[in-house]
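Text of the file data_19.cif, holding mmCIF, C-alpha atoms:
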data_model
#
loop_
_atom_site.group_PDB
_atom_site.id
_atom_site.type_symbol
_atom_site.label_atom_id
_atom_site.label_comp_id
_atom_site.auth_asym_id
_atom_site.auth_seq_id
_atom_site.Cartn_x
_atom_site.Cartn_y
_atom_site.Cartn_z
ATOM 1 C CA MET A 1 -18.818 -7.666 -82.262
ATOM 2 C CA SER A 2 -17.469 -7.171 -78.694
ATOM 3 C CA THR A 3 -18.233 -3.992 -76.849
ATOM 4 C CA ALA A 4 -15.299 -1.659 -76.017
ATOM 5 C CA PRO A 5 -14.248 -1.542 -72.340
ATOM 6 C CA GLN A 6 -15.993 1.127 -70.264
ATOM 7 C CA PRO A 7 -13.819 3.973 -68.888
ATOM 8 C CA TRP A 8 -14.167 2.866 -65.215
ATOM 9 C CA TRP A 9 -12.857 -0.600 -66.045
ATOM 10 C CA ILE A 10 -9.874 1.003 -67.666
ATOM 11 C CA ALA A 11 -9.249 3.111 -64.561
ATOM 12 C CA CYS A 12 -9.496 0.072 -62.247
ATOM 13 C CA ALA A 13 -7.140 -1.951 -64.409
ATOM 14 C CA ALA A 14 -4.637 0.869 -64.515
ATOM 15 C CA GLY A 15 -4.885 1.372 -60.762
ATOM 16 C CA GLY A 16 -4.335 -2.336 -60.137
ATOM 17 C CA MET A 17 -1.254 -2.353 -62.351
ATOM 18 C CA LEU A 18 0.159 0.645 -60.495
ATOM 19 C CA ALA A 19 -0.529 -0.984 -57.097
ATOM 20 C CA LEU A 20 1.151 -4.238 -58.149
ATOM 21 C CA GLY A 21 4.067 -2.255 -59.465
ATOM 22 C CA ALA A 22 4.384 -0.351 -56.179
ATOM 23 C CA VAL A 23 4.255 -3.577 -54.134
ATOM 24 C CA GLY A 24 6.860 -5.184 -56.377
ATOM 25 C CA TRP A 25 9.115 -2.131 -56.088
ATOM 26 C CA LEU A 26 8.671 -2.021 -52.294
ATOM 27 C CA ALA A 27 9.353 -5.750 -51.916
ATOM 28 C CA ARG A 28 12.453 -5.435 -54.121
ATOM 29 C CA ASP A 29 13.672 -2.460 -52.114
ATOM 30 C CA LEU A 30 13.082 -4.230 -48.751
ATOM 31 C CA SER A 31 14.831 -7.393 -49.913
ATOM 32 C CA ALA A 32 17.963 -5.505 -50.861
ATOM 33 C CA GLU A 33 20.816 -5.618 -48.372
ATOM 34 C CA PRO A 34 21.477 -2.234 -46.781
ATOM 35 C CA SER A 35 24.939 -0.761 -46.800
ATOM 36 C CA ASP A 36 25.488 -1.504 -43.073
ATOM 37 C CA GLY A 37 25.163 -5.273 -43.643
ATOM 38 C CA HIS A 38 22.030 -5.731 -41.490
ATOM 39 C CA LYS A 39 19.132 -7.441 -43.222
ATOM 40 C CA ARG A 40 15.989 -5.377 -43.493
ATOM 41 C CA PRO A 41 12.636 -6.902 -42.563
ATOM 42 C CA SER A 42 10.671 -8.254 -45.499
ATOM 43 C CA LEU A 43 7.396 -6.787 -46.616
ATOM 44 C CA PHE A 44 5.584 -9.828 -45.261
ATOM 45 C CA GLU A 45 7.228 -9.377 -41.859
ATOM 46 C CA LEU A 46 6.170 -5.754 -41.774
ATOM 47 C CA LEU A 47 2.618 -6.652 -42.737
ATOM 48 C CA GLU A 48 2.529 -9.299 -39.985
ATOM 49 C CA GLU A 49 3.575 -6.710 -37.398
ATOM 50 C CA VAL A 50 0.831 -4.367 -38.575
ATOM 51 C CA ARG A 51 -1.758 -7.148 -38.229
ATOM 52 C CA GLN A 52 -0.854 -7.753 -34.555
ATOM 53 C CA PRO A 53 -3.505 -6.116 -32.323
ATOM 54 C CA PRO A 54 -2.238 -3.605 -29.745
ATOM 55 C CA ALA A 55 -1.985 -4.817 -26.136
ATOM 56 C CA ALA A 56 -5.158 -4.021 -24.228
ATOM 57 C CA PRO A 57 -6.158 -4.349 -20.567
ATOM 58 C CA GLU A 58 -8.392 -7.217 -19.604
ATOM 59 C CA PRO A 59 -12.127 -6.490 -19.778
ATOM 60 C CA GLY A 60 -13.303 -4.403 -16.849
ATOM 61 C CA ARG A 61 -9.795 -3.187 -15.905
ATOM 62 C CA ARG A 62 -8.073 0.145 -16.362
ATOM 63 C CA ALA A 63 -4.667 1.390 -15.380
ATOM 64 C CA ALA A 64 -4.805 2.760 -11.833
ATOM 65 C CA PRO A 65 -3.125 6.128 -11.214
ATOM 66 C CA GLY A 66 -0.074 6.163 -8.983
ATOM 67 C CA PRO A 67 0.356 8.434 -5.966
ATOM 68 C CA PRO A 68 2.163 11.782 -6.158
ATOM 69 C CA ALA A 69 5.867 11.843 -5.428
ATOM 70 C CA GLN A 70 6.823 11.572 -1.771
ATOM 71 C CA ARG A 71 9.969 11.034 0.256
ATOM 72 C CA ARG A 72 10.844 7.362 0.450
ATOM 73 C CA TRP A 73 10.594 5.844 3.914
ATOM 74 C CA GLN A 74 13.935 5.065 5.544
ATOM 75 C CA SER A 75 13.295 2.870 8.571
ATOM 76 C CA PRO A 76 15.036 3.929 11.809
ATOM 77 C CA LEU A 77 15.078 0.244 12.845
ATOM 78 C CA ARG A 78 18.496 -1.332 12.320
ATOM 79 C CA ALA A 79 19.231 -4.980 11.604
ATOM 80 C CA SER A 80 20.761 -6.724 14.617
ATOM 81 C CA CYS A 81 20.883 -10.278 15.972
ATOM 82 C CA THR A 82 22.224 -9.295 19.405
ATOM 83 C CA ILE A 83 20.090 -10.051 22.457
ATOM 84 C CA THR A 84 20.924 -7.235 24.859
ATOM 85 C CA ASP A 85 18.499 -8.110 27.679
ATOM 86 C CA PRO A 86 17.504 -11.801 28.119
ATOM 87 C CA GLY A 87 15.118 -10.884 30.934
ATOM 88 C CA GLN A 88 13.256 -8.423 28.728
ATOM 89 C CA ARG A 89 13.173 -11.030 25.983
ATOM 90 C CA GLN A 90 11.423 -13.586 28.206
ATOM 91 C CA ARG A 91 8.970 -11.002 29.517
ATOM 92 C CA LEU A 92 8.078 -9.798 26.031
ATOM 93 C CA GLN A 93 7.660 -13.352 24.736
ATOM 94 C CA ARG A 94 5.020 -13.948 27.411
ATOM 95 C CA LEU A 95 3.405 -10.628 26.570
ATOM 96 C CA VAL A 96 3.132 -11.522 22.876
ATOM 97 C CA SER A 97 0.849 -14.411 23.774
ATOM 98 C CA GLN A 98 -1.159 -12.337 26.267
ATOM 99 C CA VAL A 99 -1.801 -9.562 23.744
ATOM 100 C CA GLN A 100 -3.230 -12.035 21.253
ATOM 101 C CA THR A 101 -5.503 -13.846 23.707
ATOM 102 C CA SER A 102 -6.314 -11.540 26.637
ATOM 103 C CA SER A 103 -6.711 -8.043 25.189
ATOM 104 C CA ALA A 104 -9.918 -6.102 25.740
ATOM 105 C CA ARG A 105 -12.151 -5.893 22.677
ATOM 106 C CA VAL A 106 -14.755 -3.406 21.514
ATOM 107 C CA GLN A 107 -17.246 -3.603 18.659
ATOM 108 C CA ILE A 108 -17.135 -0.322 16.762
ATOM 109 C CA HIS A 109 -19.794 1.123 14.476
ATOM 110 C CA PRO A 110 -19.838 -0.298 10.914
ATOM 111 C CA THR A 111 -19.533 3.170 9.355
ATOM 112 C CA ASN A 112 -16.005 3.450 10.760
ATOM 113 C CA PHE A 113 -14.445 0.486 8.986
ATOM 114 C CA GLY A 114 -14.777 -1.635 5.858
ATOM 115 C CA GLU A 115 -13.763 -4.865 4.195
ATOM 116 C CA ARG A 116 -10.368 -5.264 2.592
ATOM 117 C CA LEU A 117 -11.273 -4.977 -1.076
ATOM 118 C CA THR A 118 -10.056 -7.580 -3.572
ATOM 119 C CA ARG A 119 -10.231 -5.163 -6.533
ATOM 120 C CA ASP A 120 -9.494 -1.462 -6.821
ATOM 121 C CA ALA A 121 -11.799 1.143 -8.330
ATOM 122 C CA TYR A 122 -10.463 0.283 -11.810
ATOM 123 C CA GLY A 123 -11.160 -3.439 -11.692
ATOM 124 C CA ASN A 124 -7.601 -4.542 -10.935
ATOM 125 C CA PRO A 125 -7.068 -7.387 -8.437
ATOM 126 C CA ILE A 126 -5.254 -6.384 -5.245
ATOM 127 C CA ASP A 127 -3.646 -8.364 -2.446
ATOM 128 C CA THR A 128 -5.575 -8.016 0.816
ATOM 129 C CA THR A 129 -2.780 -9.371 3.016
ATOM 130 C CA PRO A 130 -1.613 -6.750 5.558
ATOM 131 C CA GLN A 131 1.865 -5.611 4.552
ATOM 132 C CA LEU A 132 2.376 -2.413 6.524
ATOM 133 C CA VAL A 133 2.114 -1.213 10.155
ATOM 134 C CA VAL A 134 1.243 2.459 10.691
ATOM 135 C CA LEU A 135 1.840 4.051 14.110
ATOM 136 C CA HIS A 136 -0.514 6.768 15.423
ATOM 137 C CA GLU A 137 -1.385 8.567 18.639
ATOM 138 C CA THR A 138 -4.809 9.367 20.063
ATOM 139 C CA VAL A 139 -4.095 13.049 21.009
ATOM 140 C CA TYR A 140 -6.847 12.750 23.617
ATOM 141 C CA GLY A 141 -7.500 9.909 26.051
ATOM 142 C CA ILE A 142 -8.117 6.332 24.954
ATOM 143 C CA GLY A 143 -11.746 6.598 26.109
ATOM 144 C CA SER A 144 -12.320 9.511 23.747
ATOM 145 C CA ALA A 145 -10.944 7.477 20.852
ATOM 146 C CA ILE A 146 -13.197 4.517 21.639
ATOM 147 C CA ASN A 147 -16.259 6.763 21.866
ATOM 148 C CA THR A 148 -15.400 8.180 18.438
ATOM 149 C CA PHE A 149 -15.233 4.685 16.951
ATOM 150 C CA LEU A 150 -18.575 3.737 18.535
ATOM 151 C CA THR A 151 -20.294 6.809 17.066
ATOM 152 C CA PRO A 152 -21.953 6.472 13.616
ATOM 153 C CA HIS A 153 -20.260 8.606 10.959
ATOM 154 C CA PRO A 154 -22.186 8.629 7.661
ATOM 155 C CA ARG A 155 -19.778 11.183 6.127
ATOM 156 C CA ASP A 156 -16.520 9.780 4.759
ATOM 157 C CA ASP A 157 -14.543 12.702 6.162
ATOM 158 C CA ASP A 158 -15.563 11.799 9.722
ATOM 159 C CA GLN A 159 -14.901 8.062 9.599
ATOM 160 C CA VAL A 160 -11.851 6.860 11.523
ATOM 161 C CA SER A 161 -10.563 3.719 13.218
ATOM 162 C CA TYR A 162 -7.451 1.752 14.149
ATOM 163 C CA HIS A 163 -6.987 -1.966 14.624
ATOM 164 C CA SER A 164 -5.623 -1.569 18.155
ATOM 165 C CA LEU A 165 -5.199 1.033 20.887
ATOM 166 C CA ILE A 166 -2.512 0.998 23.586
ATOM 167 C CA GLY A 167 -3.256 2.818 26.830
ATOM 168 C CA GLY A 168 -0.733 4.704 28.918
ATOM 169 C CA ASP A 169 -0.545 1.765 31.324
ATOM 170 C CA GLY A 170 0.238 -0.666 28.514
ATOM 171 C CA SER A 171 -3.268 -2.098 28.219
ATOM 172 C CA VAL A 172 -4.200 -3.190 24.708
ATOM 173 C CA VAL A 173 -7.667 -2.746 23.213
ATOM 174 C CA GLN A 174 -8.426 -4.690 20.065
ATOM 175 C CA VAL A 175 -10.672 -2.361 18.097
ATOM 176 C CA LEU A 176 -10.867 -4.172 14.775
ATOM 177 C CA ASP A 177 -9.996 -7.590 13.387
ATOM 178 C CA PRO A 178 -6.833 -7.350 11.251
ATOM 179 C CA ALA A 179 -8.808 -8.900 8.389
ATOM 180 C CA LYS A 180 -10.894 -5.704 8.201
ATOM 181 C CA ARG A 181 -9.908 -2.368 6.665
ATOM 182 C CA ALA A 182 -9.441 0.362 9.255
ATOM 183 C CA PHE A 183 -9.830 4.004 8.228
ATOM 184 C CA GLY A 184 -6.565 5.139 9.787
ATOM 185 C CA ALA A 185 -4.909 7.120 6.988
ATOM 186 C CA GLY A 186 -7.030 8.801 4.344
ATOM 187 C CA ASN A 187 -4.894 10.418 1.650
ATOM 188 C CA SER A 188 -1.749 8.342 2.004
ATOM 189 C CA ALA A 189 0.895 6.232 0.286
ATOM 190 C CA PHE A 190 3.928 4.190 1.240
ATOM 191 C CA ASN A 191 7.027 4.199 -0.952
ATOM 192 C CA GLY A 192 5.047 4.924 -4.098
ATOM 193 C CA ARG A 193 2.183 2.576 -3.361
ATOM 194 C CA TRP A 194 -1.457 3.156 -2.546
ATOM 195 C CA VAL A 195 -4.811 1.586 -3.396
ATOM 196 C CA VAL A 196 -7.592 3.644 -4.974
ATOM 197 C CA THR A 197 -10.927 2.304 -3.741
ATOM 198 C CA ASN A 198 -12.926 5.324 -4.921
ATOM 199 C CA ALA A 199 -12.008 6.878 -8.268
ATOM 200 C CA LYS A 200 -13.425 10.242 -7.156
ATOM 201 C CA VAL A 201 -10.844 10.646 -4.388
ATOM 202 C CA GLY A 202 -7.178 9.799 -3.921
ATOM 203 C CA GLY A 203 -5.820 6.472 -2.775
ATOM 204 C CA SER A 204 -4.605 5.321 0.614
ATOM 205 C CA VAL A 205 -2.627 2.594 2.375
ATOM 206 C CA ASN A 206 -5.641 1.393 4.355
ATOM 207 C CA ASN A 207 -6.343 -1.659 2.208
ATOM 208 C CA PHE A 208 -2.926 -3.189 2.990
ATOM 209 C CA ALA A 209 -2.118 -1.568 6.355
ATOM 210 C CA LEU A 210 -2.531 -2.340 10.040
ATOM 211 C CA HIS A 211 -3.055 0.681 12.295
ATOM 212 C CA VAL A 212 -2.163 0.988 15.991
ATOM 213 C CA SER A 213 -2.512 4.124 18.099
ATOM 214 C CA LEU A 214 -0.725 5.010 21.354
ATOM 215 C CA GLU A 215 -2.624 6.939 24.018
ATOM 216 C CA THR A 216 -1.192 10.446 24.206
ATOM 217 C CA PRO A 217 -0.037 11.713 27.635
ATOM 218 C CA LEU A 218 -2.000 14.563 29.207
ATOM 219 C CA ASP A 219 0.561 17.184 28.248
ATOM 220 C CA GLY A 220 0.103 16.264 24.597
ATOM 221 C CA GLU A 221 -3.596 17.021 24.309
ATOM 222 C CA ASP A 222 -2.932 19.909 21.953
ATOM 223 C CA ASP A 223 -1.409 20.572 18.547
ATOM 224 C CA GLY A 224 2.095 21.174 19.874
ATOM 225 C CA PRO A 225 5.070 19.584 18.118
ATOM 226 C CA ALA A 226 6.018 17.342 21.069
ATOM 227 C CA HIS A 227 5.026 16.028 24.501
ATOM 228 C CA SER A 228 6.541 14.016 27.364
ATOM 229 C CA GLY A 229 6.438 10.783 25.391
ATOM 230 C CA TYR A 230 5.059 7.276 25.891
ATOM 231 C CA SER A 231 5.533 4.977 28.873
ATOM 232 C CA PRO A 232 7.808 1.905 28.962
ATOM 233 C CA ALA A 233 4.651 -0.206 29.357
ATOM 234 C CA GLN A 234 3.329 1.227 26.088
ATOM 235 C CA TYR A 235 6.533 0.339 24.241
ATOM 236 C CA ASP A 236 6.376 -3.194 25.706
ATOM 237 C CA ALA A 237 2.791 -3.654 24.529
ATOM 238 C CA LEU A 238 3.523 -2.093 21.142
ATOM 239 C CA ALA A 239 6.474 -4.427 20.550
ATOM 240 C CA ALA A 240 4.407 -7.463 21.581
ATOM 241 C CA LEU A 241 1.500 -6.474 19.348
ATOM 242 C CA ILE A 242 3.712 -5.751 16.342
ATOM 243 C CA ALA A 243 5.641 -8.985 16.905
ATOM 244 C CA GLY A 244 2.436 -10.973 16.480
ATOM 245 C CA TRP A 245 1.584 -9.101 13.277
ATOM 246 C CA MET A 246 5.089 -9.473 11.850
ATOM 247 C CA GLU A 247 5.071 -13.225 12.394
ATOM 248 C CA ARG A 248 1.500 -13.768 11.251
ATOM 249 C CA TYR A 249 1.735 -11.736 8.044
ATOM 250 C CA SER A 250 5.518 -11.807 7.355
ATOM 251 C CA ILE A 251 5.741 -8.015 7.658
ATOM 252 C CA PRO A 252 9.367 -6.817 7.542
ATOM 253 C CA ALA A 253 10.648 -4.293 10.064
ATOM 254 C CA GLU A 254 11.183 -1.786 7.226
ATOM 255 C CA HIS A 255 7.398 -1.692 6.807
ATOM 256 C CA ILE A 256 6.765 -0.267 10.278
ATOM 257 C CA THR A 257 6.134 3.429 9.682
ATOM 258 C CA THR A 258 4.223 6.445 10.986
ATOM 259 C CA HIS A 259 1.126 8.388 10.056
ATOM 260 C CA ARG A 260 3.362 11.390 9.466
ATOM 261 C CA ALA A 261 5.388 9.462 6.873
ATOM 262 C CA VAL A 262 2.470 8.094 4.833
ATOM 263 C CA ASP A 263 0.296 11.219 4.924
ATOM 264 C CA LEU A 264 0.257 12.944 1.532
ATOM 265 C CA GLY A 265 -1.405 16.120 2.755
ATOM 266 C CA GLY A 266 1.416 17.085 5.106
ATOM 267 C CA GLU A 267 -1.072 17.643 7.926
ATOM 268 C CA ARG A 268 -0.316 14.679 10.201
ATOM 269 C CA ALA A 269 2.464 14.681 12.783
ATOM 270 C CA ASP A 270 1.699 11.555 14.790
ATOM 271 C CA PRO A 271 3.029 9.848 16.707
ATOM 272 C CA ARG A 272 4.847 12.815 18.206
ATOM 273 C CA SER A 273 7.854 12.259 20.492
ATOM 274 C CA PHE A 274 8.122 8.607 19.461
ATOM 275 C CA GLU A 275 11.390 6.929 20.537
ATOM 276 C CA TRP A 276 12.488 4.508 17.854
ATOM 277 C CA SER A 277 15.346 3.342 20.054
ATOM 278 C CA ALA A 278 12.819 1.964 22.566
ATOM 279 C CA LEU A 279 11.078 -0.064 19.870
ATOM 280 C CA GLN A 280 14.439 -1.077 18.407
ATOM 281 C CA GLN A 281 15.580 -2.591 21.700
ATOM 282 C CA ARG A 282 12.412 -4.584 22.228
ATOM 283 C CA LEU A 283 12.064 -5.958 18.685
ATOM 284 C CA GLN A 284 15.774 -6.762 18.695
ATOM 285 C CA ASN A 285 15.462 -8.748 21.924
ATOM 286 C CA LEU A 286 12.527 -10.620 20.397
ATOM 287 C CA GLY A 287 14.787 -11.594 17.492
ATOM 288 C CA LEU A 288 12.675 -9.752 14.930
ATOM 289 C CA LEU A 289 15.452 -7.529 13.601
ATOM 290 C CA CYS A 290 17.878 -10.345 12.811
ATOM 291 C CA ARG A 291 18.045 -10.057 9.026
ATOM 292 C CA ARG A 292 20.886 -11.934 7.381
#
Please, can you express the file's structure as structure tokens?
Amino acid sequence: MSTAPQPWWIACAAGGMLALGAVGWLARDLSAEPSDGHKRPSLFELLEEVRQPPAAPEPGRRAAPGPPAQRRWQSPLRASCTITDPGQRQRLQRLVSQVQTSSARVQIHPTNFGERLTRDAYGNPIDTTPQLVVLHETVYGIGSAINTFLTPHPRDDDQVSYHSLIGGDGSVVQVLDPAKRAFGAGNSAFNGRWVVTNAKVGGSVNNFALHVSLETPLDGEDDGPAHSGYSPAQYDALAALIAGWMERYSIPAEHITTHRAVDLGGERADPRSFEWSALQQRLQNLGLLCRR
């Protein structure tokens, strides 16, 4: 004589029948045409969507935080193809070559610069090509700036450097190879972009920027809002230096900005008393503002 089914088998069988009934009812309901005429997805289509794994970052990468909101940079440089001074054009063309080959060079202390990093603090690959020019001023004499760069600075807060310095007489000092990362703008961003190289602090533009600083005139060695301005020789040298960078790295004129504009702390004002019209004229005569 066969043994009667045990109670748990009865429960399992009943549960299975209910599950099959629910699936059949759900499939029948999903296969029915809705009143609006649009076909509903089948049960199998829904199950396939559920089985798809959620998108995940590649191993070792995390989403990098963006910078806080800031005013978007509007370049004062205007597009123009007009050569207003052929003599200036020829002089500046010669100067472009001289700046690249005959500038004075100094070797600054390793604590004041770094390598352009190929990945950010979150493991994401980043382009190391310079894409931005940031203008500064020294506040004190060019010799004081050089001495600062030569001095070891173990603390991050004290580290500073630019790629080039331009003296009041127009002399150019190459401080750092453009392939290196200068520490010119700490907490900074440009049009919503920065690179975070240390997750414990904010990001900066340094990894994709070139920094050049103009020697401040004597009457500007203070924290005043303005001074007597920069010499024509400084604007000549600045235009020649920037021209070389623009051509070498395909940097557009709209990506020439100031420390004041990229600073996120609102503490920087340099370069004070800068005349954009002087740079406009020189870059225009070099044909670097002719955008069609």
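With only C-alpha atoms as the atoms that count, the residue of A:Asp236, A:Asp158, A:Glu137, A:Asp127 with the shortest distance to Arg282 (chain A) is A:Asp236.
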For a quick check of understanding, using all atoms listed in the file, which of A:Thr111, A:Gln284, A:Asn191, A:Ser231 has the smallest distance to Arg72 (chain A)?
A:Asn191
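Contact shell of Val96 (chain A) at 7 Å (all atoms listed in the file; same-chain neighbours under 6 positions omitted): Ala240, Leu241, Ala243 and Gly244 of chain A.
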Take the PyMOL selection byres ((chain A and resi 135) around 6), apply it to the structure above, and return the hits as JSON, numbers by chain.
{"A": [134, 136, 212, 213, 258, 259]}
Neighbours of point (11.9, -6.4, 7.9) within 8 Å, using all atoms listed in the file, written as a ChimeraX atom specification:
/A:251-255,288-289,291
Spatial neighbours of region 167-170 of chain A, max dist 7 Å, only C-alpha atoms, sep filter under 3 positions, as a PDB file with C-alpha atoms, keeping the file's coordinate frame:
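Final output, saved to around_18.pdb:
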ATOM      1  CA  ILE A 142      -8.117   6.332  24.954  1.00  0.00           C
ATOM      2  CA  LEU A 214      -0.725   5.010  21.354  1.00  0.00           C
ATOM      3  CA  GLU A 215      -2.624   6.939  24.018  1.00  0.00           C
ATOM      4  CA  SER A 231       5.533   4.977  28.873  1.00  0.00           C
ATOM      5  CA  ALA A 233       4.651  -0.206  29.357  1.00  0.00           C
ATOM      6  CA  GLN A 234       3.329   1.227  26.088  1.00  0.00           C
ATOM      7  CA  ALA A 237       2.791  -3.654  24.529  1.00  0.00           C
TER       8      ALA A 237
END
Which residues are close to Pro68 (chain A), i.e. within 12 Å by all atoms listed in the file, leaving aside same-chain residues fewer than 6 positions away? Reply as an mmCIF file with C-alpha atoms, in the coordinates of the input.
data_model
loop_
_atom_site.group_PDB
_atom_site.id
_atom_site.type_symbol
_atom_site.label_atom_id
_atom_site.label_comp_id
_atom_site.auth_asym_id
_atom_site.auth_seq_id
_atom_site.Cartn_x
_atom_site.Cartn_y
_atom_site.Cartn_z
ATOM 1 C CA ASN A 187 -4.894 10.418 1.650
ATOM 2 C CA SER A 188 -1.749 8.342 2.004
ATOM 3 C CA ALA A 189 0.895 6.232 0.286
ATOM 4 C CA PHE A 190 3.928 4.190 1.240
ATOM 5 C CA ASN A 191 7.027 4.199 -0.952
ATOM 6 C CA GLY A 192 5.047 4.924 -4.098
ATOM 7 C CA ARG A 193 2.183 2.576 -3.361
ATOM 8 C CA TRP A 194 -1.457 3.156 -2.546
ATOM 9 C CA GLY A 202 -7.178 9.799 -3.921
ATOM 10 C CA GLY A 203 -5.820 6.472 -2.775
ATOM 11 C CA SER A 204 -4.605 5.321 0.614
ATOM 12 C CA VAL A 262 2.470 8.094 4.833
ATOM 13 C CA ASP A 263 0.296 11.219 4.924
ATOM 14 C CA LEU A 264 0.257 12.944 1.532
ATOM 15 C CA GLY A 265 -1.405 16.120 2.755
#
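Between CA of Phe113 (chain A) and CA of Arg181 (chain A) there is a distance of 5.8 Å.
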Contacts of Tyr162 (chain A) at 6 Å (only C-alpha atoms; same-chain gap of 5+ positions) as a JSON list (two decimals) with C-alpha atoms, in the coordinates of the input:
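Saved to around-v6.json:
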[["chain", "number", "residue", "atom", "x", "y", "z"],
["A", 182, "ALA", "CA", -9.44, 0.36, 9.26],
["A", 184, "GLY", "CA", -6.56, 5.14, 9.79],
["A", 211, "HIS", "CA", -3.06, 0.68, 12.30],
["A", 212, "VAL", "CA", -2.16, 0.99, 15.99]]
